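Everything below belongs to work-v1.cif, which stores mmCIF, C-alpha atoms and all ligand atoms.
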```cif
data_target
#
loop_
_atom_site.group_PDB
_atom_site.id
_atom_site.type_symbol
_atom_site.label_atom_id
_atom_site.label_comp_id
_atom_site.auth_asym_id
_atom_site.auth_seq_id
_atom_site.Cartn_x
_atom_site.Cartn_y
_atom_site.Cartn_z
ATOM 1 C CA MET A 1 123.332 88.296 77.285
ATOM 2 C CA SER A 2 121.979 89.416 73.954
ATOM 3 C CA SER A 3 120.571 87.000 71.452
ATOM 4 C CA ASN A 4 123.826 87.011 69.495
ATOM 5 C CA GLY A 5 125.546 85.588 72.537
ATOM 6 C CA SER A 6 127.366 88.568 74.030
ATOM 7 C CA THR A 7 126.492 90.532 77.147
ATOM 8 C CA LYS A 8 126.366 94.218 76.305
ATOM 9 C CA SER A 9 126.669 96.652 79.203
ATOM 10 C CA SER A 10 126.964 100.402 79.451
ATOM 11 C CA GLN A 11 130.452 101.398 80.626
ATOM 12 C CA GLN A 12 130.961 104.008 83.370
ATOM 13 C CA PRO A 13 133.757 104.444 85.901
ATOM 14 C CA ALA A 14 133.288 102.122 88.870
ATOM 15 C CA ILE A 15 133.275 104.717 91.651
ATOM 16 C CA VAL A 16 130.222 105.266 93.821
ATOM 17 C CA ARG A 17 129.611 106.827 97.216
ATOM 18 C CA ALA A 18 129.534 104.396 100.142
ATOM 19 C CA ASP A 19 125.913 105.265 100.923
ATOM 20 C CA THR A 20 124.694 104.622 97.380
ATOM 21 C CA PHE A 21 121.354 102.782 97.261
ATOM 22 C CA CYS A 22 121.650 100.149 94.544
ATOM 23 C CA VAL A 23 118.530 98.777 92.830
ATOM 24 C CA VAL A 24 118.689 96.121 90.110
ATOM 25 C CA ILE A 25 115.663 95.606 87.876
ATOM 26 C CA THR A 26 115.272 92.984 85.175
ATOM 27 C CA GLY A 27 112.762 93.737 82.454
ATOM 28 C CA ALA A 28 113.506 97.436 82.882
ATOM 29 C CA SER A 29 112.933 98.358 79.237
ATOM 30 C CA SER A 30 109.126 98.353 79.403
ATOM 31 C CA GLY A 31 106.019 98.433 81.558
ATOM 32 C CA LEU A 32 106.340 97.945 85.309
ATOM 33 C CA GLY A 33 110.125 97.524 85.291
ATOM 34 C CA ALA A 34 110.667 100.778 83.390
ATOM 35 C CA ALA A 35 108.203 102.646 85.600
ATOM 36 C CA LEU A 36 109.883 101.354 88.771
ATOM 37 C CA ALA A 37 113.298 102.364 87.415
ATOM 38 C CA ARG A 38 112.085 105.914 86.840
ATOM 39 C CA ALA A 39 110.325 106.018 90.214
ATOM 40 C CA TYR A 40 113.414 104.894 92.164
ATOM 41 C CA SER A 41 115.631 107.413 90.354
ATOM 42 C CA ALA A 42 117.194 110.099 92.530
ATOM 43 C CA PRO A 43 120.672 111.367 93.366
ATOM 44 C CA GLY A 44 122.530 108.758 95.414
ATOM 45 C CA VAL A 45 120.756 105.881 93.672
ATOM 46 C CA MET A 46 122.478 103.465 91.335
ATOM 47 C CA LEU A 47 120.318 101.403 89.021
ATOM 48 C CA GLY A 48 121.273 98.194 87.267
ATOM 49 C CA LEU A 49 118.798 97.917 84.418
ATOM 50 C CA ALA A 50 118.477 94.874 82.177
ATOM 51 C CA GLY A 51 116.322 94.170 79.166
ATOM 52 C CA ARG A 52 116.583 93.042 75.576
ATOM 53 C CA ASN A 53 115.397 96.000 73.521
ATOM 54 C CA PRO A 54 118.338 98.436 73.213
ATOM 55 C CA THR A 55 116.351 101.515 72.204
ATOM 56 C CA ARG A 56 113.758 101.285 74.957
ATOM 57 C CA LEU A 57 116.325 100.334 77.592
ATOM 58 C CA ALA A 58 118.526 103.311 76.656
ATOM 59 C CA GLN A 59 115.523 105.647 76.844
ATOM 60 C CA VAL A 60 114.628 104.401 80.325
ATOM 61 C CA ALA A 61 118.243 104.757 81.499
ATOM 62 C CA GLU A 62 118.425 108.282 80.126
ATOM 63 C CA ALA A 63 115.218 109.246 81.945
ATOM 64 C CA CYS A 64 116.709 107.839 85.177
ATOM 65 C CA ARG A 65 119.946 109.808 84.699
ATOM 66 C CA GLN A 66 117.906 112.978 84.122
ATOM 67 C CA LYS A 67 116.496 112.443 87.630
ATOM 68 C CA GLY A 68 119.997 112.223 89.094
ATOM 69 C CA ALA A 69 120.472 108.463 89.342
ATOM 70 C CA ARG A 70 123.383 106.548 87.957
ATOM 71 C CA ALA A 71 122.139 103.879 85.536
ATOM 72 C CA GLU A 72 124.104 100.888 84.269
ATOM 73 C CA THR A 73 122.352 98.969 81.524
ATOM 74 C CA ALA A 74 122.817 95.488 80.130
ATOM 75 C CA LEU A 75 121.219 93.886 77.119
ATOM 76 C CA LEU A 76 120.658 90.389 78.295
ATOM 77 C CA ASP A 77 118.251 87.523 78.141
ATOM 78 C CA VAL A 78 117.340 86.193 81.579
ATOM 79 C CA ALA A 79 117.336 82.708 80.078
ATOM 80 C CA ASP A 80 121.128 82.978 79.950
ATOM 81 C CA ALA A 81 122.130 82.056 83.500
ATOM 82 C CA ASP A 82 125.855 82.734 83.021
ATOM 83 C CA GLY A 83 125.329 86.119 81.368
ATOM 84 C CA VAL A 84 122.935 87.236 84.092
ATOM 85 C CA SER A 85 125.250 86.006 86.837
ATOM 86 C CA GLU A 86 128.274 87.776 85.379
ATOM 87 C CA TRP A 87 126.369 91.048 85.066
ATOM 88 C CA LEU A 88 124.913 90.880 88.584
ATOM 89 C CA ARG A 89 128.353 90.301 90.071
ATOM 90 C CA ARG A 90 129.698 93.229 88.081
ATOM 91 C CA ILE A 91 126.953 95.540 89.385
ATOM 92 C CA ASP A 92 127.413 94.302 92.946
ATOM 93 C CA ALA A 93 131.142 95.024 92.732
ATOM 94 C CA ILE A 94 130.377 98.653 91.821
ATOM 95 C CA ALA A 95 127.736 99.086 94.530
ATOM 96 C CA PRO A 96 126.426 96.314 96.799
ATOM 97 C CA VAL A 97 122.905 95.539 95.639
ATOM 98 C CA ASN A 98 120.305 96.665 98.181
ATOM 99 C CA LEU A 99 117.237 95.657 96.198
ATOM 100 C CA LEU A 100 116.785 93.225 93.316
ATOM 101 C CA ILE A 101 113.473 93.250 91.462
ATOM 102 C CA ALA A 102 113.280 90.137 89.273
ATOM 103 C CA ASN A 103 110.539 91.419 87.023
ATOM 104 C CA ALA A 104 111.291 90.262 83.460
ATOM 105 C CA GLY A 105 108.462 88.235 82.041
ATOM 106 C CA ILE A 106 106.530 87.315 78.943
ATOM 107 C CA SER A 107 103.011 86.105 78.356
ATOM 108 C CA ALA A 108 101.597 83.557 75.977
ATOM 109 C CA GLY A 109 98.369 81.662 75.694
ATOM 110 C CA THR A 110 95.534 80.891 73.357
ATOM 111 C CA ARG A 111 96.341 82.479 70.010
ATOM 112 C CA PRO A 112 94.074 84.924 68.171
ATOM 113 C CA ASP A 113 92.852 82.060 65.935
ATOM 114 C CA GLY A 114 91.842 80.082 69.049
ATOM 115 C CA SER A 115 94.642 77.520 68.789
ATOM 116 C CA LEU A 116 96.689 76.294 71.750
ATOM 117 C CA GLU A 117 99.787 78.225 72.803
ATOM 118 C CA GLY A 118 102.059 75.407 71.574
ATOM 119 C CA ILE A 119 105.233 73.946 73.005
ATOM 120 C CA ASP A 120 107.649 76.641 71.787
ATOM 121 C CA ALA A 121 105.692 79.447 73.431
ATOM 122 C CA ALA A 122 105.094 77.378 76.565
ATOM 123 C CA ARG A 123 108.794 76.600 76.894
ATOM 124 C CA ALA A 124 109.768 80.243 76.359
ATOM 125 C CA VAL A 125 107.334 81.337 79.054
ATOM 126 C CA VAL A 126 108.635 78.884 81.644
ATOM 127 C CA LEU A 127 112.249 79.608 80.715
ATOM 128 C CA THR A 128 111.833 83.378 80.959
ATOM 129 C CA ASN A 129 109.404 83.698 83.835
ATOM 130 C CA LEU A 130 110.480 80.916 86.167
ATOM 131 C CA LEU A 131 114.057 80.014 85.299
ATOM 132 C CA GLY A 132 114.815 83.639 84.384
ATOM 133 C CA THR A 133 113.717 84.668 87.884
ATOM 134 C CA ILE A 134 115.874 81.992 89.483
ATOM 135 C CA HIS A 135 118.838 83.005 87.290
ATOM 136 C CA SER A 136 118.397 86.605 88.472
ATOM 137 C CA VAL A 137 118.175 85.770 92.166
ATOM 138 C CA GLU A 138 120.638 82.980 92.810
ATOM 139 C CA PRO A 139 123.905 84.843 92.048
ATOM 140 C CA LEU A 140 123.087 87.561 94.582
ATOM 141 C CA LEU A 141 122.119 85.256 97.432
ATOM 142 C CA PRO A 142 125.620 84.423 98.712
ATOM 143 C CA LEU A 143 126.636 88.082 98.415
ATOM 144 C CA MET A 144 123.605 89.361 100.323
ATOM 145 C CA ILE A 145 123.812 86.589 102.914
ATOM 146 C CA GLY A 146 127.503 87.394 103.386
ATOM 147 C CA ARG A 147 126.573 91.015 104.157
ATOM 148 C CA CYS A 148 123.465 90.053 106.198
ATOM 149 C CA ALA A 149 121.606 92.637 104.128
ATOM 150 C CA GLY A 150 119.555 93.057 101.003
ATOM 151 C CA GLN A 151 116.063 92.648 99.645
ATOM 152 C CA ILE A 152 114.862 90.426 96.823
ATOM 153 C CA ALA A 153 111.550 90.895 95.069
ATOM 154 C CA VAL A 154 110.170 88.417 92.564
ATOM 155 C CA VAL A 155 107.231 89.286 90.336
ATOM 156 C CA ALA A 156 104.614 86.537 90.220
ATOM 157 C CA SER A 157 100.979 87.169 89.252
ATOM 158 C CA LEU A 158 97.476 86.513 90.530
ATOM 159 C CA ALA A 159 97.459 83.952 87.688
ATOM 160 C CA ALA A 160 99.552 81.910 90.117
ATOM 161 C CA TYR A 161 96.518 81.475 92.383
ATOM 162 C CA ARG A 162 94.290 79.653 89.928
ATOM 163 C CA GLY A 163 95.103 78.107 86.540
ATOM 164 C CA LEU A 164 93.338 79.816 83.648
ATOM 165 C CA PRO A 165 92.313 77.758 80.613
ATOM 166 C CA ASP A 166 93.822 80.201 78.096
ATOM 167 C CA SER A 167 97.344 80.514 79.538
ATOM 168 C CA PRO A 168 98.468 77.259 81.133
ATOM 169 C CA ALA A 169 102.225 77.815 80.841
ATOM 170 C CA TYR A 170 102.011 81.403 82.106
ATOM 171 C CA CYS A 171 99.949 80.334 85.125
ATOM 172 C CA ALA A 172 102.345 77.455 85.808
ATOM 173 C CA SER A 173 105.394 79.724 85.503
ATOM 174 C CA LYS A 174 103.939 82.284 87.908
ATOM 175 C CA ALA A 175 102.829 79.602 90.372
ATOM 176 C CA GLY A 176 106.469 78.507 90.251
ATOM 177 C CA VAL A 177 107.723 82.029 90.920
ATOM 178 C CA LEU A 178 105.327 82.361 93.860
ATOM 179 C CA ALA A 179 106.450 79.048 95.351
ATOM 180 C CA TYR A 180 110.111 79.870 94.729
ATOM 181 C CA GLY A 181 109.867 83.248 96.465
ATOM 182 C CA GLU A 182 107.920 81.891 99.430
ATOM 183 C CA SER A 183 110.363 79.011 99.813
ATOM 184 C CA LEU A 184 113.418 81.205 99.543
ATOM 185 C CA ARG A 185 112.178 83.538 102.248
ATOM 186 C CA GLY A 186 112.329 80.906 104.944
ATOM 187 C CA LYS A 187 115.893 80.060 104.003
ATOM 188 C CA VAL A 188 117.441 83.504 103.678
ATOM 189 C CA GLU A 189 115.500 85.652 106.153
ATOM 190 C CA PRO A 190 117.433 84.280 109.140
ATOM 191 C CA HIS A 191 120.530 85.601 107.329
ATOM 192 C CA GLY A 192 119.194 89.148 107.085
ATOM 193 C CA VAL A 193 117.919 88.983 103.505
ATOM 194 C CA ARG A 194 114.293 89.963 102.946
ATOM 195 C CA VAL A 195 112.149 88.417 100.211
ATOM 196 C CA SER A 196 109.021 90.063 98.831
ATOM 197 C CA VAL A 197 106.740 88.181 96.461
ATOM 198 C CA ILE A 198 104.824 90.595 94.249
ATOM 199 C CA VAL A 199 101.472 89.195 93.128
ATOM 200 C CA PRO A 200 99.751 91.637 90.790
ATOM 201 C CA GLY A 201 96.477 91.418 88.950
ATOM 202 C CA PHE A 202 95.938 93.385 85.754
ATOM 203 C CA PHE A 203 97.744 96.691 85.341
ATOM 204 C CA ALA A 204 98.182 98.769 82.188
ATOM 205 C CA SER A 205 101.330 97.826 80.237
ATOM 206 C CA PRO A 206 102.391 96.548 76.815
ATOM 207 C CA MET A 207 101.904 93.029 78.198
ATOM 208 C CA SER A 208 98.326 93.608 79.292
ATOM 209 C CA ASP A 209 97.668 95.402 75.973
ATOM 210 C CA ARG A 210 98.218 92.030 74.297
ATOM 211 C CA TYR A 211 95.667 90.370 76.580
ATOM 212 C CA ALA A 212 92.421 90.265 74.612
ATOM 213 C CA GLY A 213 89.782 89.612 77.225
ATOM 214 C CA GLN A 214 88.125 91.130 80.260
ATOM 215 C CA LYS A 215 90.687 92.761 82.572
ATOM 216 C CA LEU A 216 88.899 92.722 85.907
ATOM 217 C CA PHE A 217 89.859 95.576 88.253
ATOM 218 C CA LEU A 218 92.566 96.861 85.858
ATOM 219 C CA LEU A 219 94.982 99.266 87.597
ATOM 220 C CA SER A 220 96.969 102.042 85.973
ATOM 221 C CA GLU A 221 100.745 101.747 85.760
ATOM 222 C CA GLU A 222 101.029 104.474 88.426
ATOM 223 C CA GLN A 223 98.743 102.589 90.818
ATOM 224 C CA ALA A 224 100.756 99.412 90.328
ATOM 225 C CA VAL A 225 104.053 101.220 90.920
ATOM 226 C CA ARG A 226 102.715 102.873 94.086
ATOM 227 C CA ARG A 227 101.564 99.541 95.500
ATOM 228 C CA VAL A 228 104.828 97.808 94.681
ATOM 229 C CA MET A 229 107.008 100.570 96.118
ATOM 230 C CA ARG A 230 104.929 100.878 99.275
ATOM 231 C CA GLY A 231 105.149 97.129 99.830
ATOM 232 C CA LEU A 232 108.872 97.048 99.170
ATOM 233 C CA ARG A 233 109.463 100.002 101.504
ATOM 234 C CA ARG A 234 107.644 98.074 104.247
ATOM 235 C CA LYS A 235 109.564 94.934 103.291
ATOM 236 C CA ALA A 236 106.228 93.147 102.956
ATOM 237 C CA ARG A 237 106.500 89.422 102.473
ATOM 238 C CA ARG A 238 103.689 89.490 99.913
ATOM 239 C CA ILE A 239 102.538 92.444 97.848
ATOM 240 C CA VAL A 240 99.154 91.436 96.460
ATOM 241 C CA PHE A 241 96.890 93.709 94.407
ATOM 242 C CA PRO A 242 94.095 94.334 93.702
ATOM 243 C CA ARG A 243 92.723 92.648 96.786
ATOM 244 C CA ARG A 244 89.269 92.080 95.243
ATOM 245 C CA LEU A 245 90.645 89.952 92.405
ATOM 246 C CA ALA A 246 92.877 88.042 94.805
ATOM 247 C CA LEU A 247 89.871 87.263 96.999
ATOM 248 C CA LEU A 248 87.833 86.139 94.010
ATOM 249 C CA LEU A 249 90.521 83.739 92.812
ATOM 250 C CA ARG A 250 91.170 82.403 96.291
ATOM 251 C CA THR A 251 87.466 81.761 96.729
ATOM 252 C CA VAL A 252 87.252 79.943 93.396
ATOM 253 C CA ASN A 253 90.148 77.808 94.544
ATOM 254 C CA VAL A 254 88.340 76.432 97.580
ATOM 255 C CA LEU A 255 85.248 75.497 95.578
ATOM 256 C CA PRO A 256 84.869 72.031 94.063
ATOM 257 C CA ALA A 257 86.973 71.894 90.871
ATOM 258 C CA TRP A 258 83.957 71.515 88.556
ATOM 259 C CA LEU A 259 82.385 74.680 89.968
ATOM 260 C CA GLY A 260 85.676 76.595 89.897
ATOM 261 C CA ASP A 261 86.181 75.562 86.280
ATOM 262 C CA ARG A 262 82.736 76.799 85.393
ATOM 263 C CA ILE A 263 83.307 80.214 87.000
ATOM 264 C CA ILE A 264 86.794 80.632 85.540
ATOM 265 C CA GLY A 265 85.462 79.421 82.179
ATOM 266 C CA ALA A 266 83.418 82.617 81.949
ATOM 267 C CA PHE A 267 86.652 84.596 81.595
ATOM 268 C CA ARG A 268 88.118 83.442 78.296
ATOM 269 C CA PHE A 269 90.762 85.415 76.383
ATOM 270 C CA HIS A 270 93.493 85.177 73.803
ATOM 271 C CA ILE A 271 96.940 86.706 73.680
ATOM 272 C CA ASP A 272 97.751 88.874 70.694
ATOM 273 C CA ILE A 273 101.029 87.883 69.091
ATOM 274 C CA ARG A 274 103.982 90.104 69.990
ATOM 275 C CA PRO A 275 106.154 90.786 66.920
ATOM 276 C CA GLY A 276 109.227 88.578 67.331
ATOM 277 C CA GLY A 277 107.799 86.993 70.481
ATOM 278 C CA PRO A 278 106.723 83.424 71.231
HETATM 279 N N1 LIG B 301 100.716 93.672 83.038
HETATM 280 C C1 LIG B 301 100.006 92.886 83.834
HETATM 281 O O1 LIG B 301 98.764 92.983 83.885
HETATM 282 C C2 LIG B 301 100.697 91.891 84.728
HETATM 283 C C3 LIG B 301 99.931 91.212 85.678
HETATM 284 C C4 LIG B 301 100.540 90.313 86.536
HETATM 285 C C5 LIG B 301 101.910 90.126 86.474
HETATM 286 N N2 LIG B 301 102.638 90.797 85.531
HETATM 287 C C6 LIG B 301 104.077 90.566 85.516
HETATM 288 O O2 LIG B 301 104.741 91.795 85.718
HETATM 289 C C7 LIG B 301 106.029 91.758 85.082
HETATM 290 C C8 LIG B 301 106.177 92.982 84.199
HETATM 291 O O3 LIG B 301 105.180 92.902 83.188
HETATM 292 P P1 LIG B 301 104.781 94.141 82.257
HETATM 293 O O4 LIG B 301 103.306 94.114 82.201
HETATM 294 O O5 LIG B 301 105.482 95.361 82.688
HETATM 295 O O6 LIG B 301 105.307 93.583 80.851
HETATM 296 P P2 LIG B 301 106.065 94.274 79.625
HETATM 297 O O7 LIG B 301 105.692 95.693 79.493
HETATM 298 O O8 LIG B 301 105.873 93.357 78.480
HETATM 299 O O9 LIG B 301 107.600 94.223 80.100
HETATM 300 C C9 LIG B 301 108.274 92.997 80.257
HETATM 301 C C10 LIG B 301 109.745 93.266 80.469
HETATM 302 O O10 LIG B 301 110.413 92.015 80.580
HETATM 303 C C11 LIG B 301 111.511 91.999 79.684
HETATM 304 N N3 LIG B 301 111.797 90.658 79.214
HETATM 305 C C12 LIG B 301 110.954 89.785 78.652
HETATM 306 N N4 LIG B 301 111.588 88.666 78.336
HETATM 307 C C13 LIG B 301 112.886 88.836 78.699
HETATM 308 C C14 LIG B 301 114.044 88.023 78.633
HETATM 309 N N5 LIG B 301 114.006 86.777 78.128
HETATM 310 N N6 LIG B 301 115.214 88.524 79.101
HETATM 311 C C15 LIG B 301 115.263 89.765 79.610
HETATM 312 N N7 LIG B 301 114.204 90.587 79.705
HETATM 313 C C16 LIG B 301 113.029 90.109 79.247
HETATM 314 C C17 LIG B 301 111.093 92.890 78.547
HETATM 315 O O11 LIG B 301 112.256 93.310 77.872
HETATM 316 P P3 LIG B 301 112.269 93.644 76.287
HETATM 317 O O12 LIG B 301 110.967 94.320 75.991
HETATM 318 O O13 LIG B 301 113.468 94.527 76.167
HETATM 319 O O14 LIG B 301 112.403 92.326 75.610
HETATM 320 C C18 LIG B 301 110.390 94.004 79.294
HETATM 321 O O15 LIG B 301 111.317 94.925 79.783
HETATM 322 C C19 LIG B 301 106.077 90.431 84.313
HETATM 323 O O16 LIG B 301 106.776 89.477 85.067
HETATM 324 C C20 LIG B 301 104.609 90.045 84.196
HETATM 325 O O17 LIG B 301 104.430 88.658 84.043
HETATM 326 C C21 LIG B 301 102.060 91.670 84.665
#
```

Rewrite the structure from the file as structure tokens, please.
Amino acid sequence: MSSNGSTKSSQQPAIVRADTFCVVITGASSGLGAALARAYSAPGVMLGLAGRNPTRLAQVAEACRQKGARAETALLDVADADGVSEWLRRIDAIAPVNLLIANAGISAGTRPDGSLEGIDAARAVVLTNLLGTIHSVEPLLPLMIGRCAGQIAVVASLAAYRGLPDSPAYCASKAGVLAYGESLRGKVEPHGVRVSVIVPGFFASPMSDRYAGQKLFLLSEEQAVRRVMRGLRRKARRIVFPRRLALLLRTVNVLPAWLGDRIIGAFRFHIDIRPGGP
């Protein structure tokens, strides 16, 4: 649903071939979501693409259509559970969803002047990243379980592994996404629905551009897309990259807290303010 309260979707006739592969991506107007949308585009593929920025979302959809895919777009905020649910059901009625990638997310943290992120930004982060993910997954579960088919991917972050002093709400939201995805898997896998938890470190995107600090082992957008798609193709339970950063954070986690804090404390950053963002 858009910020003025109405869900806005592109309108196309609701006829697709029976063997259509249907991929739904939230946060498809930018970064990883947009790159995945373009990468999945091919004849015989239907894409449900959601985001908030109309210009960027339309550009992504057009690029996908140029590659032969059918693309249905919706301007919606993942915080709006009813709007997301209505749209997902509409897409699923056109073509049963094979793959959902719940990718929409925002970052916040220490501000450029060094002040705390504040309650408004913290709430927006948890609402978008954690509840937004749950809003995007839940409506499809009964449909996929009913068909004994489908794959759900949620996008967490390596920030889920170890809290970072400059982005407490972001780390908490992603730890929540990780726990949600891992929990869900045990429940729905016996019903034929696969769940992949994507756990990326830094990759190039507008979000990471706003991260003012050291980006250890930064990957390109193409590298991130390749890793995600390979993992999803294999129906991997966890898609974690880069491995070196994951290992580092896991190691810090098993150290005594005072020592872990000291190591993590060497990696301080702030988040540049996104125009119109939290
Ligand atoms: N970049 C990294 O280094 C990194 C590392 C680990 C994890 N991640 C995660 O990867 C995912 C993609 O990040 P990215 O780097 O590609 O970020 P990005 O370029 O900023 O893209 C974020 C996407 O999420 C959408 N979005 C944000 N809030 C939304 C809301 N309330 N409702 C609907 N859509 C919303 C944005 O839509 P609009 O622009 O249209 O508002 C945009 O399409 C995020 O979940 C992020 O936390 C990123």

For this session: Compute the set of protein, DNA and RNA residues whose minimum atom distance to ligand LIG 301 (chain B) is at most 6 Å, using only C-alpha atoms and all ligand atoms, and state it as a ChimeraX atom specification.
Result: /A:27-33,51-53,76-79,103-106,128,155-157,200-208

Grab the residues selected above and save them as an mmCIF file, in the coordinates of the input with C-alpha atoms.
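So the final result, stored in selection24.cif, reads:
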```cif
data_model
loop_
_atom_site.group_PDB
_atom_site.id
_atom_site.type_symbol
_atom_site.label_atom_id
_atom_site.label_comp_id
_atom_site.auth_asym_id
_atom_site.auth_seq_id
_atom_site.Cartn_x
_atom_site.Cartn_y
_atom_site.Cartn_z
ATOM 1 C CA GLY A 27 112.762 93.737 82.454
ATOM 2 C CA ALA A 28 113.506 97.436 82.882
ATOM 3 C CA SER A 29 112.933 98.358 79.237
ATOM 4 C CA SER A 30 109.126 98.353 79.403
ATOM 5 C CA GLY A 31 106.019 98.433 81.558
ATOM 6 C CA LEU A 32 106.340 97.945 85.309
ATOM 7 C CA GLY A 33 110.125 97.524 85.291
ATOM 8 C CA GLY A 51 116.322 94.170 79.166
ATOM 9 C CA ARG A 52 116.583 93.042 75.576
ATOM 10 C CA ASN A 53 115.397 96.000 73.521
ATOM 11 C CA LEU A 76 120.658 90.389 78.295
ATOM 12 C CA ASP A 77 118.251 87.523 78.141
ATOM 13 C CA VAL A 78 117.340 86.193 81.579
ATOM 14 C CA ALA A 79 117.336 82.708 80.078
ATOM 15 C CA ASN A 103 110.539 91.419 87.023
ATOM 16 C CA ALA A 104 111.291 90.262 83.460
ATOM 17 C CA GLY A 105 108.462 88.235 82.041
ATOM 18 C CA ILE A 106 106.530 87.315 78.943
ATOM 19 C CA THR A 128 111.833 83.378 80.959
ATOM 20 C CA VAL A 155 107.231 89.286 90.336
ATOM 21 C CA ALA A 156 104.614 86.537 90.220
ATOM 22 C CA SER A 157 100.979 87.169 89.252
ATOM 23 C CA PRO A 200 99.751 91.637 90.790
ATOM 24 C CA GLY A 201 96.477 91.418 88.950
ATOM 25 C CA PHE A 202 95.938 93.385 85.754
ATOM 26 C CA PHE A 203 97.744 96.691 85.341
ATOM 27 C CA ALA A 204 98.182 98.769 82.188
ATOM 28 C CA SER A 205 101.330 97.826 80.237
ATOM 29 C CA PRO A 206 102.391 96.548 76.815
ATOM 30 C CA MET A 207 101.904 93.029 78.198
ATOM 31 C CA SER A 208 98.326 93.608 79.292
#
```

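Checking A:Gly83, A:Val16, A:Ile101, A:Asp261 one by one against A:Ala71, counting all atoms listed in the file, you find the shortest gap at A:Val16.
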
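Considering all atoms listed in the file, the residue among A:Ile152, A:Val254, A:Leu99, A:Leu131 positioned nearest to A:Cys22 is A:Leu99.
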
Exercise. Please, what distance in Å, to one decimal, runs between atom CA of A:Leu88 and atom CA of A:Ala39?
Worked result: 21.1 Å

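As for atom CA of A:Ile239 and atom CA of A:Ile198, they are spaced 4.6 Å apart.
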
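Across the chains present, the PyMOL selection byres (((chain A and resi 122) around 10) and not hetatm) applied to this file returns Ser107, Ala108, Gly109, Leu116, Glu117, Gly118, Ile119, Asp120, Ala121, Arg123, Ala124, Val125, Val126, Leu127, Ser167, Pro168, Ala169, Tyr170, Ala172, Ser173 and Pro278 of chain A.
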
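Excluding A:Ala236 and any residue on its chain fewer than 2 positions from it, the residues at most 12 Å away by only C-alpha atoms are Gln151, Ile152, Ala153, Glu182, Arg185, Arg194, Val195, Ser196, Val197, Ile198, Val199, Arg227, Val228, Met229, Arg230, Gly231, Leu232, Arg233, Arg234, Arg238, Ile239 and Val240 of chain A.
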
Problem set entry | Between atom CA of A:Cys64 and atom CA of A:Ala37 - distance in Å to one decimal |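 A separation of 6.8 Å between them.
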
For stretch 58-137 of chain A against stretch 43-49 of chain A, with a cut-off of 7 Å and counting all atoms listed in the file, what is the closest atom pair and its distance in Å to one decimal for every residue that makes the cut, ordered by chain and number, as a tab-separated table?
```
residue	atom	partner	partner_atom	distance
A:Gly68	CA	A:Pro43	CA	4.4
A:Ala69	CA	A:Pro43	CA	5.0
A:Arg70	CA	A:Met46	CA	4.7
A:Ala71	CA	A:Leu47	CA	4.6
A:Glu72	CA	A:Gly48	CA	4.9
A:Thr73	CA	A:Leu49	CA	4.7
A:Ala74	CA	A:Leu49	CA	6.4
A:Ile91	CA	A:Gly48	CA	6.6
```

For this session: For the structure shown, which residues end up in the PyMOL selection byres (((chain A and resi 95) around 9) and not hetatm)? Put them as number ranges by chain, please?
Result: A: 14-18, 20-22, 46, 90-94, 96-98

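Near A:His135, within 9 Å and counting all atoms listed in the file, sit Val78, Ala79, Asp80, Ala81, Asp82, Val84, Ser85, Leu130, Leu131, Gly132, Thr133, Val137, Glu138 and Pro139 of chain A; same-chain residues fewer than 2 positions away were not included.
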